[in-house]
>>> print(open('input-v6.cif').read())   # mmCIF, C-alpha atoms
data_start
#
loop_
_atom_site.label_atom_id
_atom_site.label_comp_id
_atom_site.auth_asym_id
_atom_site.auth_seq_id
_atom_site.Cartn_x
_atom_site.Cartn_y
_atom_site.Cartn_z
CA MET A 1 -78.08 -136.67 -266.78
CA PHE A 2 -75.27 -134.23 -267.55
CA VAL A 3 -77.75 -131.37 -267.81
CA LEU A 4 -79.48 -132.47 -264.60
CA SER A 5 -76.28 -132.32 -262.58
CA LEU A 6 -75.18 -129.04 -264.14
CA LEU A 7 -78.45 -127.35 -263.33
CA VAL A 8 -78.53 -128.55 -259.73
CA LEU A 9 -74.95 -127.45 -259.13
CA GLY A 10 -75.38 -124.02 -260.61
CA LEU A 11 -78.72 -123.24 -259.04
CA ALA A 12 -78.02 -122.89 -255.35
CA PRO A 13 -76.32 -119.46 -255.27
CA ARG A 14 -79.31 -117.96 -257.04
CA LEU A 15 -82.02 -119.41 -254.80
CA ALA A 16 -81.67 -117.22 -251.73
CA LEU A 17 -85.26 -116.06 -251.87
CA ALA A 18 -86.64 -119.55 -252.18
CA SER A 19 -84.63 -121.10 -249.41
CA THR A 20 -86.12 -119.66 -246.25
CA PRO A 21 -89.57 -120.74 -245.08
CA GLY A 22 -91.45 -117.77 -243.74
CA GLY A 23 -89.30 -115.06 -245.26
CA PRO A 24 -86.42 -114.15 -247.51
CA SER A 25 -82.84 -115.04 -246.81
CA MET A 26 -80.44 -112.37 -245.61
CA ALA A 27 -78.30 -112.97 -248.68
CA PRO A 28 -78.76 -110.97 -251.89
CA GLY A 29 -80.87 -112.38 -254.68
CA ASN A 30 -80.41 -112.12 -258.42
CA PRO A 31 -81.18 -108.58 -259.67
CA ALA A 32 -82.23 -110.00 -263.02
CA THR A 33 -85.39 -111.42 -261.40
CA GLN A 34 -86.37 -108.14 -259.71
CA VAL A 35 -89.18 -106.31 -261.48
CA PRO A 36 -89.18 -102.47 -261.51
CA ARG A 37 -91.82 -100.76 -259.40
CA VAL A 38 -92.08 -97.14 -258.27
CA ALA A 39 -93.62 -95.60 -255.16
CA ASP A 40 -97.41 -95.44 -255.12
CA GLY A 41 -99.29 -92.31 -256.13
CA PRO A 42 -102.25 -90.71 -254.36
CA GLY A 43 -104.46 -93.74 -254.96
CA LEU A 44 -108.22 -94.08 -255.20
CA LYS A 45 -110.35 -94.36 -252.09
CA THR A 46 -112.48 -97.51 -252.31
CA GLY A 47 -114.34 -97.29 -249.02
CA LYS A 48 -114.01 -95.72 -245.63
CA ASN A 49 -110.42 -96.84 -245.08
CA SER A 50 -109.21 -98.67 -248.19
CA THR A 51 -107.07 -97.32 -251.02
CA PHE A 52 -106.40 -98.71 -254.48
CA HIS A 53 -103.05 -98.16 -256.21
CA GLY A 54 -101.94 -99.19 -259.67
CA GLY A 55 -99.17 -98.53 -262.12
CA ALA A 56 -97.24 -99.58 -265.18
CA ALA A 57 -93.66 -99.04 -266.31
CA LEU A 58 -91.55 -99.58 -269.40
CA SER A 59 -87.85 -100.12 -268.88
CA ILE A 60 -85.01 -100.28 -271.39
CA GLY A 61 -81.81 -101.76 -270.07
CA PHE A 62 -78.57 -103.63 -270.60
CA ASP A 63 -77.52 -106.99 -269.07
CA SER A 64 -73.77 -107.68 -268.96
CA ASN A 65 -74.05 -111.42 -268.26
CA VAL A 66 -77.33 -113.03 -269.32
CA PHE A 67 -76.39 -116.54 -268.15
CA SER A 68 -74.33 -115.58 -265.06
CA GLU A 69 -71.15 -117.16 -266.44
CA VAL A 70 -67.50 -116.84 -265.49
CA ARG A 71 -65.60 -114.10 -267.36
CA ALA A 72 -63.29 -116.59 -269.12
CA ARG A 73 -66.29 -117.94 -271.05
CA ARG A 74 -67.06 -114.53 -272.57
CA PRO A 75 -70.53 -113.97 -271.10
CA GLN A 76 -73.36 -113.03 -273.40
CA ARG A 77 -74.40 -109.36 -273.23
CA ALA A 78 -77.71 -108.01 -274.43
CA ALA A 79 -80.05 -105.05 -274.31
CA TYR A 80 -83.58 -105.72 -273.10
CA ALA A 81 -87.03 -104.22 -272.65
CA LEU A 82 -88.97 -104.87 -269.48
CA PRO A 83 -92.65 -103.87 -269.26
CA SER A 84 -94.17 -104.22 -265.79
CA VAL A 85 -97.53 -103.63 -264.09
CA TRP A 86 -98.70 -103.62 -260.46
CA LEU A 87 -101.93 -103.41 -258.49
CA THR A 88 -102.47 -102.91 -254.75
CA ILE A 89 -105.52 -102.53 -252.54
CA GLU A 90 -105.07 -102.01 -248.81
CA ASN A 91 -106.21 -100.36 -245.64
CA ARG A 92 -102.80 -100.85 -244.04
CA PRO A 93 -99.37 -100.63 -245.70
CA LEU A 94 -96.66 -103.28 -245.53
CA ARG A 95 -93.40 -102.53 -243.74
CA ALA A 96 -90.58 -105.04 -244.26
CA GLY A 97 -93.16 -107.61 -245.33
CA LEU A 98 -95.32 -107.15 -242.21
CA LEU A 99 -98.76 -105.62 -242.05
CA ASP A 100 -98.55 -102.29 -240.22
CA THR A 101 -101.22 -103.12 -237.65
CA PRO A 102 -100.95 -101.42 -234.23
CA ALA A 103 -100.74 -103.51 -231.09
CA LYS A 104 -103.86 -101.87 -229.69
CA SER A 105 -107.37 -102.22 -231.07
CA THR A 106 -108.52 -99.51 -233.48
CA GLY A 107 -112.09 -100.74 -233.83
CA ARG A 108 -111.48 -102.21 -237.28
CA LYS A 109 -112.68 -105.73 -238.00
CA VAL A 110 -110.09 -106.45 -240.71
CA ASP A 111 -106.68 -105.06 -241.69
CA TYR A 112 -105.36 -106.14 -245.07
CA HIS A 113 -102.93 -105.60 -247.93
CA LEU A 114 -103.25 -107.34 -251.33
CA GLY A 115 -100.65 -106.74 -254.04
CA LEU A 116 -99.76 -108.03 -257.50
CA LEU A 117 -96.64 -107.33 -259.58
CA ALA A 118 -95.66 -108.73 -262.98
CA GLY A 119 -92.91 -108.04 -265.50
CA TRP A 120 -91.44 -109.66 -268.60
CA ARG A 121 -87.76 -109.28 -269.51
CA LEU A 122 -87.47 -109.31 -273.33
CA TYR A 123 -83.93 -109.58 -274.68
CA LEU A 124 -83.37 -107.51 -277.82
CA THR A 125 -80.99 -109.67 -279.80
CA GLY A 126 -80.94 -111.92 -282.84
CA ARG A 127 -79.10 -114.72 -281.03
CA PRO A 128 -81.71 -117.47 -280.40
CA THR A 129 -80.22 -118.76 -277.15
CA VAL A 130 -80.34 -115.23 -275.71
CA TRP A 131 -83.79 -114.07 -276.78
CA GLN A 132 -85.17 -117.44 -275.70
CA ALA A 133 -83.94 -116.54 -272.19
CA SER A 134 -86.62 -113.82 -271.96
CA LYS A 135 -88.52 -114.55 -268.76
CA LEU A 136 -91.79 -113.69 -267.02
CA ASN A 137 -91.77 -112.84 -263.31
CA ILE A 138 -94.94 -112.61 -261.17
CA ALA A 139 -95.29 -111.80 -257.48
CA ALA A 140 -98.47 -111.75 -255.40
CA THR A 141 -98.68 -110.78 -251.74
CA ALA A 142 -101.59 -111.17 -249.32
CA ARG A 143 -101.79 -110.10 -245.67
CA VAL A 144 -105.15 -110.23 -243.89
CA THR A 145 -105.65 -109.87 -240.12
CA PHE A 146 -109.05 -110.43 -238.53
CA ALA A 147 -109.97 -108.62 -235.29
CA PRO A 148 -106.64 -106.74 -235.24
CA GLY A 149 -105.40 -105.55 -231.86
CA ARG A 150 -107.98 -107.54 -229.89
CA ARG A 151 -107.39 -110.27 -227.32
CA PHE A 152 -107.74 -112.94 -229.98
CA SER A 153 -107.02 -112.35 -233.65
CA PHE A 154 -105.87 -114.46 -236.55
CA ALA A 155 -104.18 -113.74 -239.84
CA ILE A 156 -103.64 -115.26 -243.27
CA GLU A 157 -100.34 -114.63 -245.09
CA ASP A 158 -99.26 -115.68 -248.54
CA ASP A 159 -96.35 -114.84 -250.84
CA PHE A 160 -96.50 -116.31 -254.34
CA ASN A 161 -93.66 -115.94 -256.84
CA ARG A 162 -93.26 -117.19 -260.36
CA ILE A 163 -89.56 -116.60 -260.95
CA GLY A 164 -88.25 -116.72 -264.50
CA GLU A 165 -84.48 -117.15 -264.73
CA PRO A 166 -82.15 -118.51 -267.40
CA THR A 167 -79.62 -121.21 -266.58
CA ASN A 168 -75.99 -120.49 -265.71
CA PHE A 169 -74.83 -121.69 -269.12
CA GLU A 170 -75.95 -120.84 -272.63
CA ALA A 171 -78.64 -123.29 -273.67
CA GLY A 172 -82.02 -123.52 -275.37
CA ARG A 173 -85.37 -122.47 -273.98
CA SER A 174 -86.09 -125.86 -272.38
CA TYR A 175 -83.24 -125.45 -269.88
CA ASN A 176 -83.97 -122.83 -267.27
CA PHE A 177 -84.45 -122.16 -263.57
CA ASN A 178 -88.11 -121.12 -263.94
CA ARG A 179 -89.89 -121.97 -260.72
CA PHE A 180 -92.95 -121.41 -258.54
CA ASP A 181 -92.37 -120.58 -254.91
CA ASN A 182 -95.32 -120.15 -252.56
CA SER A 183 -95.01 -119.52 -248.83
CA ALA A 184 -98.20 -119.34 -246.75
CA ALA A 185 -99.04 -119.13 -243.07
CA LEU A 186 -102.11 -119.28 -240.84
CA ARG A 187 -101.32 -117.23 -237.76
CA PHE A 188 -103.12 -116.93 -234.39
CA LEU A 189 -102.43 -114.14 -231.90
CA ILE A 190 -103.55 -114.12 -228.26
CA ARG A 191 -103.17 -111.03 -226.05
CA PRO A 192 -104.22 -111.76 -222.45
CA SER A 193 -104.18 -109.14 -219.68
CA GLY A 194 -104.58 -106.02 -221.77
CA GLY A 195 -102.14 -106.87 -224.55
CA ARG A 196 -98.83 -106.37 -222.78
CA LEU A 197 -98.16 -110.10 -223.16
CA SER A 198 -98.82 -111.72 -226.54
CA LEU A 199 -98.50 -115.23 -227.95
CA ASN A 200 -98.17 -115.70 -231.70
CA VAL A 201 -98.54 -119.21 -233.16
CA ALA A 202 -98.50 -120.05 -236.86
CA TYR A 203 -98.59 -123.01 -239.24
CA ARG A 204 -96.26 -122.56 -242.23
CA ASN A 205 -96.39 -124.25 -245.64
CA GLU A 206 -94.04 -123.68 -248.56
CA ILE A 207 -93.98 -125.26 -252.00
CA LEU A 208 -91.07 -124.95 -254.43
CA TYR A 209 -91.67 -126.36 -257.92
CA PHE A 210 -89.48 -126.16 -261.02
CA GLU A 211 -91.04 -126.02 -264.48
CA SER A 212 -88.07 -127.77 -266.08
CA GLY A 213 -88.21 -131.53 -265.56
CA SER A 214 -84.39 -131.61 -265.69
CA ILE A 215 -84.23 -130.14 -262.20
CA SER A 216 -87.17 -131.88 -260.57
CA THR A 217 -84.87 -133.23 -257.84
CA ALA A 218 -85.17 -129.78 -256.22
CA ASP A 219 -88.98 -129.79 -255.96
CA ARG A 220 -89.94 -129.72 -252.30
CA ILE A 221 -92.62 -129.08 -249.70
CA VAL A 222 -91.97 -127.44 -246.34
CA ASN A 223 -94.33 -127.74 -243.37
CA GLY A 224 -93.76 -126.35 -239.93
CA ALA A 225 -94.74 -124.29 -236.92
CA GLU A 226 -93.60 -120.85 -235.78
CA THR A 227 -94.16 -119.21 -232.40
CA GLU A 228 -93.33 -115.91 -230.74
CA THR A 229 -93.93 -114.94 -227.12
CA LYS A 230 -93.58 -111.19 -226.62
CA TYR A 231 -93.71 -109.00 -223.53
CA ARG A 232 -94.11 -105.26 -224.05
CA PHE A 233 -92.61 -103.17 -221.29
CA ARG A 234 -93.15 -99.90 -223.14
CA ASP A 235 -95.52 -98.88 -225.90
CA ARG A 236 -92.87 -99.43 -228.56
CA SER A 237 -90.42 -101.86 -226.97
CA ALA A 238 -90.61 -105.55 -226.14
CA PHE A 239 -88.65 -108.68 -225.26
CA ALA A 240 -89.46 -111.75 -227.31
CA VAL A 241 -88.68 -115.45 -227.64
CA ARG A 242 -89.12 -117.11 -231.03
CA TYR A 243 -89.11 -120.76 -232.01
CA ALA A 244 -89.59 -122.26 -235.48
CA TYR A 245 -89.64 -125.83 -236.76
CA HIS A 246 -89.61 -126.63 -240.49
CA TYR A 247 -89.70 -130.06 -242.09
CA THR A 248 -88.42 -130.08 -245.68
CA TYR A 249 -89.55 -132.98 -247.86
CA TYR A 250 -88.15 -133.47 -251.38
CA LEU A 251 -90.53 -135.02 -253.90
CA CYS A 252 -87.92 -136.91 -255.91
CA CYS A 253 -85.33 -139.60 -255.65
CA VAL A 254 -85.02 -141.72 -252.52
CA ASP A 255 -82.12 -143.86 -253.78
CA THR A 256 -78.46 -142.94 -253.48
CA GLY A 257 -76.26 -142.40 -256.52
CA ILE A 258 -78.77 -140.36 -258.56
CA GLY A 259 -78.29 -136.87 -257.15
CA ARG A 260 -81.04 -137.02 -254.55
CA ASN A 261 -81.71 -134.21 -252.07
CA GLU A 262 -81.87 -134.91 -248.34
CA ASP A 263 -85.02 -134.25 -246.31
CA SER A 264 -84.38 -132.19 -243.19
CA HIS A 265 -85.72 -131.10 -239.82
CA ALA A 266 -84.76 -127.53 -238.91
CA HIS A 267 -85.16 -125.93 -235.48
CA ARG A 268 -84.45 -122.28 -234.68
CA LEU A 269 -84.64 -120.79 -231.18
CA LEU A 270 -84.06 -117.05 -230.73
CA GLY A 271 -84.50 -114.52 -227.95
CA GLY A 272 -84.00 -110.79 -227.94
CA TYR A 273 -85.28 -107.23 -228.01
CA VAL A 274 -87.27 -105.26 -230.55
CA GLY A 275 -88.30 -101.66 -230.12
CA GLN A 276 -87.71 -97.97 -230.51
CA LEU A 277 -84.86 -96.06 -228.89
CA GLY A 278 -85.80 -92.41 -228.73
CA LYS A 279 -87.61 -90.79 -231.64
CA LYS A 280 -85.22 -91.61 -234.48
CA VAL A 281 -83.76 -95.07 -233.83
CA VAL A 282 -85.25 -98.57 -233.88
CA LEU A 283 -83.34 -101.68 -232.80
CA ASP A 284 -83.98 -105.38 -233.39
CA VAL A 285 -81.48 -107.79 -231.76
CA PHE A 286 -81.93 -111.57 -231.50
CA GLY A 287 -79.58 -114.44 -230.78
CA GLY A 288 -79.95 -118.16 -230.31
CA TRP A 289 -79.23 -121.58 -231.79
CA GLY A 290 -80.10 -123.46 -234.93
CA TRP A 291 -80.30 -127.21 -235.50
CA GLY A 292 -80.55 -128.67 -239.00
CA LEU A 293 -80.92 -132.47 -238.92
CA TYR A 294 -80.47 -134.67 -242.02
CA LYS A 295 -81.41 -138.10 -240.75
CA GLN A 296 -81.12 -139.90 -244.11
CA ASP A 297 -77.55 -138.71 -244.60
CA THR A 298 -75.64 -141.03 -242.28
CA SER A 299 -72.34 -139.22 -242.93
CA GLY A 300 -73.85 -135.83 -242.15
CA PRO A 301 -73.25 -133.04 -241.78
CA ASN A 302 -75.93 -131.50 -239.57
CA HIS A 303 -76.09 -127.87 -238.57
CA LYS A 304 -75.65 -127.13 -234.87
CA ASN A 305 -74.46 -123.59 -234.31
CA PHE A 306 -75.23 -120.03 -233.29
CA ILE A 307 -77.72 -117.98 -235.30
CA GLY A 308 -78.82 -114.42 -234.77
CA TYR A 309 -78.97 -110.91 -236.14
CA ALA A 310 -78.91 -107.25 -235.21
CA ALA A 311 -80.84 -104.66 -237.22
CA LEU A 312 -80.59 -100.93 -236.65
CA GLY A 313 -82.86 -98.34 -238.26
CA VAL A 314 -82.09 -94.63 -238.12
CA PHE A 315 -84.42 -91.84 -239.24
CA PRO A 316 -82.39 -88.58 -239.26
CA SER A 317 -85.32 -86.73 -240.83
CA PRO A 318 -88.79 -87.52 -242.18
CA LYS A 319 -87.23 -87.77 -245.66
CA THR A 320 -84.19 -89.91 -244.80
CA GLN A 321 -83.97 -93.52 -243.61
CA ILE A 322 -80.91 -95.69 -243.01
CA GLY A 323 -80.89 -99.39 -242.13
CA LEU A 324 -78.06 -101.71 -241.13
CA ARG A 325 -78.35 -105.44 -240.56
CA VAL A 326 -75.72 -108.07 -239.68
CA GLY A 327 -76.23 -111.69 -238.74
CA ARG A 328 -75.77 -115.41 -239.21
CA ASP A 329 -78.39 -117.93 -240.32
CA PHE A 330 -78.66 -121.31 -242.04
CA HIS A 331 -81.04 -122.66 -244.66
CA ASP A 332 -81.78 -125.95 -246.35
CA SER A 333 -80.01 -126.12 -249.71
CA VAL A 334 -81.10 -127.72 -252.96
CA PHE A 335 -77.42 -128.52 -253.51
CA GLY A 336 -75.88 -130.31 -250.54
CA ASN A 337 -77.46 -130.39 -247.10
CA TYR A 338 -77.54 -126.76 -245.98
CA PHE A 339 -75.82 -123.42 -246.37
CA THR A 340 -74.97 -120.72 -243.85
CA ASP A 341 -74.91 -116.99 -244.51
CA VAL A 342 -72.76 -114.64 -242.45
CA GLY A 343 -72.70 -110.97 -243.34
CA GLY A 344 -74.74 -107.83 -243.51
CA SER A 345 -76.52 -105.22 -245.55
CA LEU A 346 -76.78 -101.44 -245.59
CA VAL A 347 -79.77 -99.67 -247.11
CA ALA A 348 -80.67 -96.00 -247.36
CA SER A 349 -83.40 -93.86 -248.85
CA HIS A 350 -83.77 -90.12 -249.21
CA VAL A 351 -86.20 -87.68 -250.81
CA PHE A 352 -84.60 -84.50 -252.14
CA PRO A 353 -86.31 -81.07 -252.01
CA TRP A 354 -87.19 -81.37 -255.70
CA LYS A 355 -89.01 -84.64 -254.82
CA MET A 356 -86.48 -86.99 -256.38
CA GLY A 357 -86.28 -90.25 -254.44
CA LEU A 358 -83.07 -92.18 -253.96
CA ASP A 359 -82.88 -95.80 -252.77
CA ALA A 360 -79.57 -97.63 -252.38
CA GLY A 361 -78.48 -100.93 -250.88
CA LEU A 362 -75.31 -102.94 -250.41
CA GLY A 363 -75.09 -106.56 -249.22
CA ILE A 364 -72.01 -108.68 -248.52
CA TYR A 365 -72.32 -112.27 -247.28
CA ALA A 366 -70.05 -115.24 -246.85
CA ARG A 367 -71.95 -118.36 -247.84
CA ARG A 368 -70.83 -121.89 -246.93
CA TYR A 369 -72.45 -125.00 -248.43
CA ALA A 370 -72.05 -128.18 -246.38
CA GLY A 371 -72.64 -131.77 -247.48
CA LEU A 372 -72.00 -131.54 -251.22
CA PRO A 373 -72.89 -134.69 -253.20
CA ILE A 374 -69.98 -137.15 -253.04
CA PRO A 375 -68.78 -138.10 -256.54
CA GLY A 376 -69.36 -141.77 -257.27
CA VAL A 377 -71.53 -142.19 -254.16
CA ASP A 378 -74.30 -139.58 -254.15
CA THR A 379 -74.01 -138.91 -257.88
CA GLN A 380 -72.40 -140.70 -260.83
CA GLN A 381 -72.24 -137.67 -263.16
CA ILE A 382 -69.75 -135.66 -261.07
CA THR A 383 -66.11 -136.71 -260.97
CA GLY A 384 -64.71 -134.07 -258.65
CA TYR A 385 -64.59 -130.52 -257.32
CA THR A 386 -62.07 -127.70 -257.08
CA ALA A 387 -61.93 -125.66 -253.85
CA ALA A 388 -64.29 -127.97 -251.94
CA ASP A 389 -62.21 -129.58 -249.20
CA GLY A 390 -64.35 -131.81 -247.02
CA PHE A 391 -67.18 -131.43 -249.58
CA VAL A 392 -67.73 -127.84 -248.46
CA ARG A 393 -68.18 -124.97 -250.91
CA ARG A 394 -67.44 -121.35 -249.98
CA ASP A 395 -68.74 -118.26 -251.78
CA THR A 396 -68.71 -114.53 -251.19
CA LEU A 397 -71.94 -112.93 -252.43
CA ILE A 398 -72.03 -109.22 -253.17
CA SER A 399 -75.00 -107.17 -254.31
CA PHE A 400 -75.49 -103.48 -254.90
CA ASN A 401 -78.47 -101.54 -256.18
CA LEU A 402 -79.20 -97.89 -256.78
CA GLN A 403 -82.48 -96.41 -257.96
CA LEU A 404 -83.51 -92.82 -258.66
CA GLU A 405 -87.13 -91.79 -259.13
CA GLN A 406 -88.19 -88.33 -260.30
CA PRO A 407 -91.92 -87.57 -260.19
CA ILE A 408 -93.19 -85.53 -263.12
CA GLY A 409 -96.49 -84.14 -261.96
CA LYS A 410 -98.80 -86.35 -259.92
CA TYR A 411 -98.93 -89.52 -262.02
CA LEU A 412 -95.74 -89.76 -264.09
CA VAL A 413 -92.32 -90.95 -262.84
CA ALA A 414 -88.99 -91.23 -264.66
CA GLY A 415 -86.18 -93.28 -263.17
CA LEU A 416 -82.86 -95.02 -263.41
CA ARG A 417 -81.72 -98.27 -261.81
CA TYR A 418 -78.31 -99.91 -261.57
CA ALA A 419 -77.77 -103.32 -259.97
CA VAL A 420 -74.82 -105.65 -259.46
CA ALA A 421 -74.71 -109.28 -258.36
CA ALA A 422 -71.41 -111.12 -257.90
CA ASP A 423 -70.45 -114.57 -256.65
CA LEU A 424 -66.74 -114.64 -255.81
CA THR A 425 -65.73 -118.26 -255.44
CA ASP A 426 -62.99 -120.59 -256.62
CA PHE A 427 -65.41 -123.53 -256.67
CA VAL A 428 -65.52 -125.61 -259.87
CA VAL A 429 -67.37 -128.85 -260.53
CA ASP A 430 -66.07 -131.45 -263.00
CA TYR A 431 -68.33 -133.85 -264.88
CA ALA A 432 -67.84 -137.33 -266.25
CA ASP A 433 -68.06 -136.11 -269.87
CA GLY A 434 -65.16 -133.67 -269.36
CA TYR A 435 -67.16 -130.47 -268.85
CA SER A 436 -66.21 -128.12 -265.98
CA ASN A 437 -68.49 -125.45 -264.52
CA PRO A 438 -67.01 -122.61 -262.43
CA GLY A 439 -69.28 -120.97 -259.88
CA ARG A 440 -67.78 -117.47 -260.15
CA PHE A 441 -69.67 -114.73 -262.00
CA THR A 442 -70.36 -110.99 -262.00
CA ARG A 443 -73.51 -109.46 -263.45
CA ASN A 444 -74.37 -105.79 -264.05
CA LEU A 445 -77.77 -104.45 -265.04
CA LEU A 446 -78.53 -100.88 -266.02
CA MET A 447 -81.99 -99.65 -266.94
CA GLY A 448 -83.94 -96.46 -267.43
CA PHE A 449 -87.70 -96.44 -267.07
CA ILE A 450 -90.81 -94.32 -267.36
CA ALA A 451 -93.80 -95.19 -265.21
CA VAL A 452 -97.40 -94.17 -264.74
CA ARG A 453 -98.69 -94.66 -261.19
CA TYR A 454 -101.84 -93.90 -259.26
#
>>> encode(input="input-v6.cif", output="structure tokens")
Amino acid sequence: MFVLSLLVLGLAPRLALASTPGGPSMAPGNPATQVPRVADGPGLKTGKNSTFHGGAALSIGFDSNVFSEVRARRPQRAAYALPSVWLTIENRPLRAGLLDTPAKSTGRKVDYHLGLLAGWRLYLTGRPTVWQASKLNIAATARVTFAPGRRFSFAIEDDFNRIGEPTNFEAGRSYNFNRFDNSAALRFLIRPSGGRLSLNVAYRNEILYFESGSISTADRIVNGAETETKYRFRDRSAFAVRYAYHYTYYLCCVDTGIGRNEDSHAHRLLGGYVGQLGKKVVLDVFGGWGWGLYKQDTSGPNHKNFIGYAALGVFPSPKTQIGLRVGRDFHDSVFGNYFTDVGGSLVASHVFPWKMGLDAGLGIYARRYAGLPIPGVDTQQITGYTAADGFVRRDTLISFNLQLEQPIGKYLVAGLRYAVAADLTDFVVDYADGYSNPGRFTRNLLMGFIAVRY
């Protein structure tokens, strides 16, 4: 039971990508679970409109904190190798996770994008607890739209991830955060009166499953509905209203006192503008309200507050892109009731005259967990917290990444990547057996890679 509580407590800051039905959280994820991939090459035509891309890379890198531990515990450092492969077939590219299908009909019957990415981080060390932390990561993406641009069309979306991640303390192979996360949607789009007005309705399903039985209390299923009503007043500008409802059901533990997770009903209502301003600027601004209801938790808390975001994209030249996003959102948490993220990110990409590509990103978010398990009531293994007044935990999450890619001929690419993830918090949890687990950590990863792409 000690291990169970420790895993649940340490997991939440590293689950940003698995916490948002229908899309990733605004907050940064763990760079150690991100698999290297380079830009696609010329590809192989596989029909009138489709193109096949593939590639493989070998990376050699260094990890400054394998188990994401606080500095006082002398984090384990290790070199690693990371082979990765990817395959894509498409007749439309993805942009920010969305299929780049025009609003007007092009005569095509189907637009699609299918992608697969896999990589295995292999730690190069003789220490058993470290090399046993070597993990496999797999990601598969599917976007298929039938009758695109017509008065009635429908789409199938799916994002599957097998995320391999070691625990936040040094332990054997059996203790880990390895998990499957699958988010799928069936979407219907109606465009009456020539397409200026559109109604988008979708059913969403998400499954989160942990391979380690010690953290099965976090296994959950999410079902819900998502809608968007959009009115285009110019070819590339529109007003929209969005509503989403997600019901989160945890598969384990209905009794109090054993570290159960609370089921929830989440509602999000947003309205705003999305479109292009001039030739080099795009703007996406939405604001509204979010309700997160935890009916089984009689003491609360529930989420009832403003949510929204503003995203600005600037394209100074065909070879330079800059993106800025700020906002506030909330998500169901596997530790406590929910967490809110307030902050922003800045991303940029540029292609130099000698064809070297640069991609950089910085994210800073204040995260607040509400409804932590009450020691002696919700859980018997925890005796207390530090820096958690009112059973609220506060973290500052910082991420930075920088990647350089230099093509060598048509098919070969050499590159360098540097990534940082940091959780700046004073939060500490104390256990009945005397063990204490701080939440603070900083992790640096540096890797060089060589890739073949087509």
>>> closest_residue(input="input-v6.cif", among="A:Ile408, A:Leu346, A:Ala266, A:Val282", to="Tyr249 of chain A", atoms="all atoms listed in the file")
A:Ala266
>>> closest_residue(input="input-v6.cif", among="A:Val334, A:Leu404, A:Ala155, A:Ala79", to="Leu122 of chain A", atoms="all atoms listed in the file")
A:Ala79
>>> closest_residue(input="input-v6.cif", among="A:Glu165, A:Asp341, A:Glu211, A:Asp359", to="Asn137 of chain A", atoms="only C-alpha atoms")
A:Glu165
>>> resolve_selection(input="input-v6.cif", expression="the PyMOL selection byres ((chain A and resi 224) around 8)", output="PyMOL selection string")
chain A and resi 203-205+222-223+225-226+244-247
>>> closest_residue(input="input-v6.cif", among="A:Asp263, A:Leu270, A:Pro316, A:Ile207", to="Gln296 of chain A", atoms="all atoms listed in the file")
A:Asp263
>>> resolve_selection(input="input-v6.cif", expression="the PyMOL selection byres ((chain A and resi 227) around 10)", output="PyMOL selection string")
chain A and resi 187-189+199-203+225-226+228-230+241-245+269
>>> resolve_selection(input="input-v6.cif", expression="the PyMOL selection byres ((chain A and resi 437-445) around 6)", output="PyMOL selection string")
chain A and resi 62-65+68-70+418-425+427-429+436+446
>>> write_last_selection(input="input-v6.cif", atoms="C-alpha atoms", output="PDB file, in the frame of the given file")
ATOM      1  CA  PHE A  62     -78.570-103.630-270.600  1.00  0.00           C
ATOM      2  CA  ASP A  63     -77.520-106.990-269.070  1.00  0.00           C
ATOM      3  CA  SER A  64     -73.770-107.680-268.960  1.00  0.00           C
ATOM      4  CA  ASN A  65     -74.050-111.420-268.260  1.00  0.00           C
ATOM      5  CA  SER A  68     -74.330-115.580-265.060  1.00  0.00           C
ATOM      6  CA  GLU A  69     -71.150-117.160-266.440  1.00  0.00           C
ATOM      7  CA  VAL A  70     -67.500-116.840-265.490  1.00  0.00           C
ATOM      8  CA  TYR A 418     -78.310 -99.910-261.570  1.00  0.00           C
ATOM      9  CA  ALA A 419     -77.770-103.320-259.970  1.00  0.00           C
ATOM     10  CA  VAL A 420     -74.820-105.650-259.460  1.00  0.00           C
ATOM     11  CA  ALA A 421     -74.710-109.280-258.360  1.00  0.00           C
ATOM     12  CA  ALA A 422     -71.410-111.120-257.900  1.00  0.00           C
ATOM     13  CA  ASP A 423     -70.450-114.570-256.650  1.00  0.00           C
ATOM     14  CA  LEU A 424     -66.740-114.640-255.810  1.00  0.00           C
ATOM     15  CA  THR A 425     -65.730-118.260-255.440  1.00  0.00           C
ATOM     16  CA  PHE A 427     -65.410-123.530-256.670  1.00  0.00           C
ATOM     17  CA  VAL A 428     -65.520-125.610-259.870  1.00  0.00           C
ATOM     18  CA  VAL A 429     -67.370-128.850-260.530  1.00  0.00           C
ATOM     19  CA  SER A 436     -66.210-128.120-265.980  1.00  0.00           C
ATOM     20  CA  LEU A 446     -78.530-100.880-266.020  1.00  0.00           C
TER      21      LEU A 446
END
>>> atom_distance(input="input-v6.cif", atom1="atom CA of Arg325 of chain A", atom2="atom CA of Ala370 of chain A")
24.3 Å
>>> closest_residue(input="input-v6.cif", among="A:Asp181, A:Asp332, A:Asp158, A:Asp100", to="Asn261 of chain A", atoms="only C-alpha atoms")
A:Asp332
>>> atom_distance(input="input-v6.cif", atom1="atom CA of Gly371 of chain A", atom2="atom CA of Tyr338 of chain A")
7.2 Å
>>> residues_around(input="input-v6.cif", residues="Thr46 of chain A", least_positions_apart="3", cutoff="10 Å", atoms="all atoms listed in the file", output="PyMOL selection string")
chain A and resi 43+49-52+89-91
>>> residues_near_point(input="input-v6.cif", point="(-79.6, -95.6, -251.3)", cutoff="12 Å", atoms="all atoms listed in the file", output="PyMOL selection string")
chain A and resi 320-324+345-351+357-362+400-405+417-419
